[in-house]
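*Asks:* Provided herewith is a single structure, encoded as structure tokens, for subsequent inquiry.
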Amino acid sequence: MRVVVAPDSFGGTLSATAAARAIEAGWRTAAPDDELTLLPLADGGTGFVDVLHAARGGTWHELAVTGPLGDPVDARWLELDGVAYVESAAACGLHLVTDRTPATARRASTRGVGELVADARDAGVTEVVVGLGGSATTDGGAGMLAALGAVALDAAGEPVPDGAPAGAARLTGMPDLGGIALVAAADVDNPLLGPHGAAAVFGPQKGADNAAVAELDGVLARFADLLPRDVRDEPGAGAAGGLGAALLALGARRVSGAGLVRELVGLDAALDAADLAVTGEGSFDWQSLRGKLVTTVARGAADRGIPCLVLAGQVSVGRREAGAAGVDSAYSVAEDAGGVEASMADPAGTLSALAARVARQWSR
């Protein structure tokens, strides 16, 4: 049987590549004669450039950049066929902030993302694709703009420390990337502001309490007035804490991160030759049904009339909703392992065990 194994990452426990290998290991114990094609996936968030490099190769460019709270972090971007692929989480990711509080939510900056983009610009690429997701920031991309040369001034005309959006009354010196095309790769369509915006939806996971969410939303509203284009209501403006808004204001074209990865890693061609698709993620929930990677795989499989299975850390989607998204069956690692604690104690081992059980059921 020809099986395509195409998972996303499992939260903070397994990268997409590690998850694919764990599924492969378990599947082979139960169905050693099956032909497995591993295609770990990403949607622009954590693991974005690693997935592309695993599938397509390319050249790494490594440098130290400013982390979300000002400390230097080691990051890299990928050059592939003259295009730079930048993962915003590499410079300002949630995994880089251990103490998530209202104070860190207010302070976290995207400056390091701008430093990665600047390095790619100076390397002579023709296009920069910025993967959005997994950020610790809600600065509207102010830090990125500052790193690229923009200067935020306060009401008295004095530069705002670190280009922070909170005290900015005017922006000068907006970046000129010299004709380089910008692409914002994101699979969230949230606007910048309001109940569905960057602060309200994503702020709490970054440490923001109700007061900080309200404050950040107000800061973003004022900062949006300073951008060269009004992008506050454009889909994706709220991605990565409003970093999407800054990119859109610079003329970036928004694309689906999952769709871009799907194209670059050759998912469609693999599904054309498959009898079964297996995908997965940390939590298969209602957000998964809003165009995330598992549904991208499921719809691709459904278009070809082949079954699609989801192996997830936890499953909270009902059978009917999953079926409507093209998923034939969904399996929970936590349920199979006897609880969340047991599954988290050995993420790869418990995922492999579940994959073996599923293979015995589905392999011919």
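Letters for chains follow the order of the structure tokens (A, B, ...), residue numbers begin at 1 for each chain, and ligand numbers begin at 1 in the order shown.
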Using DSSP assignments from the backbone, pull out every residue in region 75-154 of chain A that falls under strand (DSSP E or B) and give it to me as a list in words.
*Replies:* Ala75, Arg76, Trp77, Leu78, Glu79, Leu80, Val83, Ala84, Tyr85, Val86, Glu87, Gly93, Glu127, Val128, Val129, Val130, Gly131, Ser135, Val151, Ala152 and Leu153 of chain A
*Asks:* Can I get the selection written as an mmCIF file, in the first residue's frame, with N, CA, C and O atoms?
*Replies:*
```cif
data_model
loop_
_atom_site.group_PDB
_atom_site.id
_atom_site.type_symbol
_atom_site.label_atom_id
_atom_site.label_comp_id
_atom_site.auth_asym_id
_atom_site.auth_seq_id
_atom_site.Cartn_x
_atom_site.Cartn_y
_atom_site.Cartn_z
ATOM 1 N N ALA A 75 19.495 32.647 14.548
ATOM 2 C CA ALA A 75 18.405 32.390 13.611
ATOM 3 C C ALA A 75 19.002 32.161 12.225
ATOM 4 O O ALA A 75 20.202 32.341 12.011
ATOM 5 N N ARG A 76 18.150 31.777 11.294
ATOM 6 C CA ARG A 76 18.615 31.560 9.931
ATOM 7 C C ARG A 76 17.443 31.699 8.965
ATOM 8 O O ARG A 76 16.288 31.580 9.346
ATOM 9 N N TRP A 77 17.789 31.989 7.731
ATOM 10 C CA TRP A 77 16.797 32.004 6.669
ATOM 11 C C TRP A 77 17.305 31.123 5.531
ATOM 12 O O TRP A 77 18.496 30.825 5.439
ATOM 13 N N LEU A 78 16.407 30.689 4.680
ATOM 14 C CA LEU A 78 16.729 29.728 3.630
ATOM 15 C C LEU A 78 16.664 30.399 2.272
ATOM 16 O O LEU A 78 15.669 31.053 1.940
ATOM 17 N N GLU A 79 17.722 30.230 1.484
ATOM 18 C CA GLU A 79 17.728 30.711 0.105
ATOM 19 C C GLU A 79 17.490 29.532 -0.830
ATOM 20 O O GLU A 79 18.208 28.531 -0.796
ATOM 21 N N LEU A 80 16.463 29.653 -1.648
ATOM 22 C CA LEU A 80 16.082 28.578 -2.554
ATOM 23 C C LEU A 80 15.652 29.180 -3.880
ATOM 24 O O LEU A 80 14.671 29.927 -3.949
ATOM 25 N N VAL A 83 15.025 32.897 -3.950
ATOM 26 C CA VAL A 83 13.984 33.389 -3.045
ATOM 27 C C VAL A 83 14.429 33.137 -1.612
ATOM 28 O O VAL A 83 14.954 32.069 -1.292
ATOM 29 N N ALA A 84 14.208 34.128 -0.740
ATOM 30 C CA ALA A 84 14.516 33.971 0.678
ATOM 31 C C ALA A 84 13.251 33.566 1.423
ATOM 32 O O ALA A 84 12.187 34.170 1.243
ATOM 33 N N TYR A 85 13.371 32.533 2.254
ATOM 34 C CA TYR A 85 12.266 32.090 3.089
ATOM 35 C C TYR A 85 12.640 32.369 4.543
ATOM 36 O O TYR A 85 13.614 31.828 5.058
ATOM 37 N N VAL A 86 11.858 33.227 5.171
ATOM 38 C CA VAL A 86 12.109 33.684 6.534
ATOM 39 C C VAL A 86 10.987 33.187 7.428
ATOM 40 O O VAL A 86 9.804 33.347 7.100
ATOM 41 N N GLU A 87 11.350 32.587 8.536
ATOM 42 C CA GLU A 87 10.368 32.131 9.517
ATOM 43 C C GLU A 87 10.348 33.133 10.660
ATOM 44 O O GLU A 87 11.325 33.241 11.405
ATOM 45 N N GLY A 93 9.733 33.999 18.165
ATOM 46 C CA GLY A 93 8.793 32.940 18.464
ATOM 47 C C GLY A 93 8.413 32.840 19.931
ATOM 48 O O GLY A 93 9.173 33.227 20.831
ATOM 49 N N GLU A 127 13.051 37.887 -4.035
ATOM 50 C CA GLU A 127 11.783 37.819 -3.314
ATOM 51 C C GLU A 127 12.041 37.348 -1.891
ATOM 52 O O GLU A 127 12.920 36.510 -1.661
ATOM 53 N N VAL A 128 11.287 37.870 -0.946
ATOM 54 C CA VAL A 128 11.377 37.436 0.446
ATOM 55 C C VAL A 128 9.997 36.969 0.889
ATOM 56 O O VAL A 128 9.030 37.737 0.843
ATOM 57 N N VAL A 129 9.920 35.718 1.286
ATOM 58 C CA VAL A 129 8.679 35.138 1.797
ATOM 59 C C VAL A 129 8.802 35.045 3.309
ATOM 60 O O VAL A 129 9.717 34.386 3.822
ATOM 61 N N VAL A 130 7.913 35.700 4.024
ATOM 62 C CA VAL A 130 7.947 35.687 5.482
ATOM 63 C C VAL A 130 6.818 34.803 5.990
ATOM 64 O O VAL A 130 5.636 35.097 5.776
ATOM 65 N N GLY A 131 7.180 33.710 6.648
ATOM 66 C CA GLY A 131 6.200 32.823 7.245
ATOM 67 C C GLY A 131 5.719 33.396 8.570
ATOM 68 O O GLY A 131 6.528 33.736 9.439
ATOM 69 N N SER A 135 4.387 33.540 16.898
ATOM 70 C CA SER A 135 5.156 34.662 17.450
ATOM 71 C C SER A 135 4.757 34.950 18.891
ATOM 72 O O SER A 135 3.648 34.657 19.326
ATOM 73 N N VAL A 151 11.741 55.063 11.216
ATOM 74 C CA VAL A 151 11.970 55.748 12.484
ATOM 75 C C VAL A 151 10.626 56.193 13.047
ATOM 76 O O VAL A 151 9.870 56.931 12.398
ATOM 77 N N ALA A 152 10.321 55.709 14.246
ATOM 78 C CA ALA A 152 9.094 56.113 14.930
ATOM 79 C C ALA A 152 9.399 57.324 15.802
ATOM 80 O O ALA A 152 10.342 57.309 16.596
ATOM 81 N N LEU A 153 8.595 58.371 15.654
ATOM 82 C CA LEU A 153 8.776 59.591 16.431
ATOM 83 C C LEU A 153 7.602 59.781 17.366
ATOM 84 O O LEU A 153 6.447 59.450 17.023
#
```
*Asks:* Write out as JSON, numbers by chain each polymer residue whose atoms come within 10 Å of region 22-34 of chain A, counting only C-alpha atoms; drop sequence neighbours fewer than 4 positions from it.
*Replies:* {"A": [1, 2, 3, 4, 5, 6, 7, 14, 16, 17, 18, 38, 278, 279, 280, 311, 347, 348, 349, 350, 351, 352, 353, 354, 355, 356, 357, 358, 359, 360, 361, 362, 363, 364]}
*Asks:* Taking only C-alpha atoms into account, which of A:Leu264, A:Met344, A:Ala212, A:Ala325 comes nearest His53 (chain A)?
*Replies:*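 Residue with the minimum atom-to-atom distance to His53 (chain A): A:Leu264.
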*Asks:* Take CA of Ser283 (chain A) and CA of Gly44 (chain A) and report the distance between them in Å, one decimal.
*Replies:*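 About the pair CA of Ser283 (chain A) and CA of Gly44 (chain A): they are 17.3 Å apart.
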*Asks:* To one decimal place, how far is CA of Leu260 (chain A) from CA of Arg304 (chain A) in Å?
*Replies:* 19.7 Å
*Asks:* Would you mind listing what lies within 8 Å of Val73 (chain A) as a PyMOL selection string, with only C-alpha atoms counted and same-chain residues fewer than 6 positions away left out?
*Replies:* chain A and resi 64-67+91
*Asks:* Can you tell me how far CA of Asp187 (chain A) sits from CA of Gly257 (chain A), in Å to one decimal?
*Replies:*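 Computing the Euclidean distance for CA of Asp187 (chain A) and CA of Gly257 (chain A) yields 5.7 Å.
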*Asks:* Could you give me, as JSON, numbers by chain, the residues within 7 Å of Phe284 (chain A), counting only C-alpha atoms and dropping anything in the same chain fewer than 4 positions from it?
*Replies:* {"A": [288, 312, 314, 315, 316, 317]}
*Asks:* Quick check for you: according to DSSP on this backbone, which residues of region 110-249 of chain A are classed as alpha helix (DSSP H)? Reply as a VMD selection string.
*Replies:* chain A and resid 111 to 122 142 to 147 210 to 224 239 to 249
*Asks:* So, counting only C-alpha atoms, which residue among A:Ala269, A:Ala211, A:Ala181, A:Ala246 is closest to Thr101 (chain A)?
*Replies:*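 Closest to Thr101 (chain A), using only C-alpha atoms: A:Ala211.
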*Asks:* Find the residue from A:Leu96, A:Val201, A:Leu247, A:Leu36 that sits nearest to Gly141 (chain A); use only C-alpha atoms when measuring.
*Replies:* A:Leu247
*Asks:* Between A:Ala240, A:Ala334, A:Leu148, A:Ala249, single out the one closest to Asp189 (chain A), counting only C-alpha atoms.
*Replies:*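 That would be A:Ala240, the residue with the smallest distance to Asp189 (chain A).
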*Asks:* Counting only C-alpha atoms, which residue out of A:Cys92, A:Gly70, A:Gly241, A:Trp286 sits closest to Pro204 (chain A)?
*Replies:* A:Gly241
*Asks:* Please provide as a ChimeraX atom specification all residues within 12 Å of Gly300 (chain A), with the sequence filter that same-chain residues fewer than 4 positions apart are discarded (counting only C-alpha atoms).
*Replies:* /A:4,6,258-259,262-263,266-272,274,276-279,293-296,304-308,325-327
*Asks:* What does the file look like for those residues with N, CA, C and O atoms, as a compact mmCIF listing (two decimals), in the first residue's frame?
*Replies:*
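Written output follows (selection.txt):
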```txt
# COMPACT_ATOMS: atom_id res chain seq x y z
N VAL A 4 1.08 8.25 2.00
CA VAL A 4 1.74 9.55 2.18
C VAL A 4 1.57 9.97 3.63
O VAL A 4 0.45 10.04 4.14
N ALA A 6 2.07 12.99 5.99
CA ALA A 6 2.26 14.43 5.84
C ALA A 6 1.71 15.20 7.04
O ALA A 6 0.69 15.87 6.94
N ALA A 258 0.18 27.12 4.09
CA ALA A 258 -0.01 25.69 3.83
C ALA A 258 -0.01 25.41 2.33
O ALA A 258 0.57 24.43 1.86
N GLY A 259 -0.68 26.28 1.57
CA GLY A 259 -0.73 26.10 0.13
C GLY A 259 0.64 26.23 -0.51
O GLY A 259 0.99 25.49 -1.44
N ARG A 262 2.59 23.14 0.37
CA ARG A 262 2.01 22.05 -0.43
C ARG A 262 2.60 22.03 -1.83
O ARG A 262 2.96 20.96 -2.36
N GLU A 263 2.72 23.22 -2.42
CA GLU A 263 3.27 23.30 -3.78
C GLU A 263 4.75 22.98 -3.81
O GLU A 263 5.23 22.21 -4.65
N GLY A 266 5.73 19.25 -3.10
CA GLY A 266 5.20 18.26 -4.05
C GLY A 266 4.11 17.37 -3.47
O GLY A 266 4.02 16.19 -3.83
N LEU A 267 3.28 17.93 -2.58
CA LEU A 267 2.23 17.12 -1.97
C LEU A 267 1.24 16.58 -3.00
O LEU A 267 0.84 15.42 -2.93
N ASP A 268 0.86 17.38 -3.96
CA ASP A 268 -0.13 16.94 -4.94
C ASP A 268 0.36 15.74 -5.74
O ASP A 268 -0.38 14.78 -5.97
N ALA A 269 1.62 15.80 -6.18
CA ALA A 269 2.17 14.68 -6.95
C ALA A 269 2.23 13.42 -6.09
O ALA A 269 1.96 12.31 -6.58
N ALA A 270 2.57 13.58 -4.82
CA ALA A 270 2.63 12.41 -3.92
C ALA A 270 1.24 11.82 -3.73
O ALA A 270 1.07 10.59 -3.73
N LEU A 271 0.23 12.67 -3.55
CA LEU A 271 -1.13 12.18 -3.38
C LEU A 271 -1.66 11.51 -4.65
O LEU A 271 -2.45 10.57 -4.58
N ASP A 272 -1.21 11.99 -5.81
CA ASP A 272 -1.62 11.38 -7.08
C ASP A 272 -1.26 9.89 -7.12
O ASP A 272 -1.97 9.09 -7.75
N ALA A 274 -0.82 7.91 -4.38
CA ALA A 274 -1.05 7.28 -3.07
C ALA A 274 -2.37 6.52 -3.01
O ALA A 274 -3.31 6.77 -3.76
N LEU A 276 -3.44 6.09 0.37
CA LEU A 276 -3.90 6.55 1.67
C LEU A 276 -3.04 7.74 2.10
O LEU A 276 -1.83 7.77 1.85
N ALA A 277 -3.68 8.73 2.74
CA ALA A 277 -2.94 9.87 3.30
C ALA A 277 -3.08 9.87 4.82
O ALA A 277 -4.17 9.63 5.35
N VAL A 278 -1.97 10.11 5.50
CA VAL A 278 -1.96 10.20 6.96
C VAL A 278 -1.37 11.56 7.33
O VAL A 278 -0.25 11.87 6.92
N THR A 279 -2.13 12.34 8.07
CA THR A 279 -1.63 13.64 8.52
C THR A 279 -1.81 13.73 10.03
O THR A 279 -2.24 12.78 10.67
N LEU A 293 -3.36 22.87 8.09
CA LEU A 293 -2.69 21.88 7.25
C LEU A 293 -3.42 20.55 7.13
O LEU A 293 -3.46 19.95 6.05
N VAL A 294 -3.99 20.08 8.23
CA VAL A 294 -4.63 18.77 8.14
C VAL A 294 -5.78 18.80 7.15
O VAL A 294 -6.02 17.83 6.42
N THR A 295 -6.50 19.92 7.08
CA THR A 295 -7.59 19.99 6.12
C THR A 295 -7.07 20.20 4.70
O THR A 295 -7.71 19.77 3.74
N THR A 296 -5.90 20.81 4.57
CA THR A 296 -5.28 20.92 3.25
C THR A 296 -4.96 19.53 2.70
O THR A 296 -5.24 19.22 1.54
N ARG A 304 -8.90 13.17 -4.78
CA ARG A 304 -8.39 12.00 -5.52
C ARG A 304 -9.11 10.72 -5.12
O ARG A 304 -8.73 9.63 -5.57
N GLY A 305 -10.08 10.85 -4.24
CA GLY A 305 -10.86 9.68 -3.83
C GLY A 305 -10.12 8.70 -2.97
O GLY A 305 -10.43 7.51 -2.95
N ILE A 306 -9.13 9.19 -2.20
CA ILE A 306 -8.39 8.29 -1.30
C ILE A 306 -8.68 8.70 0.14
O ILE A 306 -8.94 9.87 0.43
N PRO A 307 -8.66 7.76 1.07
CA PRO A 307 -8.94 8.08 2.47
C PRO A 307 -7.84 8.95 3.09
O PRO A 307 -6.68 8.89 2.68
N CYS A 308 -8.24 9.73 4.08
CA CYS A 308 -7.29 10.54 4.84
C CYS A 308 -7.52 10.32 6.32
O CYS A 308 -8.66 10.40 6.81
N ALA A 325 -14.79 17.81 6.32
CA ALA A 325 -13.49 18.37 5.93
C ALA A 325 -12.66 17.39 5.12
O ALA A 325 -11.54 17.71 4.72
N GLY A 326 -13.18 16.18 4.90
CA GLY A 326 -12.45 15.19 4.10
C GLY A 326 -11.67 14.19 4.91
O GLY A 326 -10.91 13.39 4.36
N VAL A 327 -11.86 14.20 6.23
CA VAL A 327 -11.13 13.27 7.11
C VAL A 327 -11.98 12.04 7.35
O VAL A 327 -13.11 12.13 7.84
```
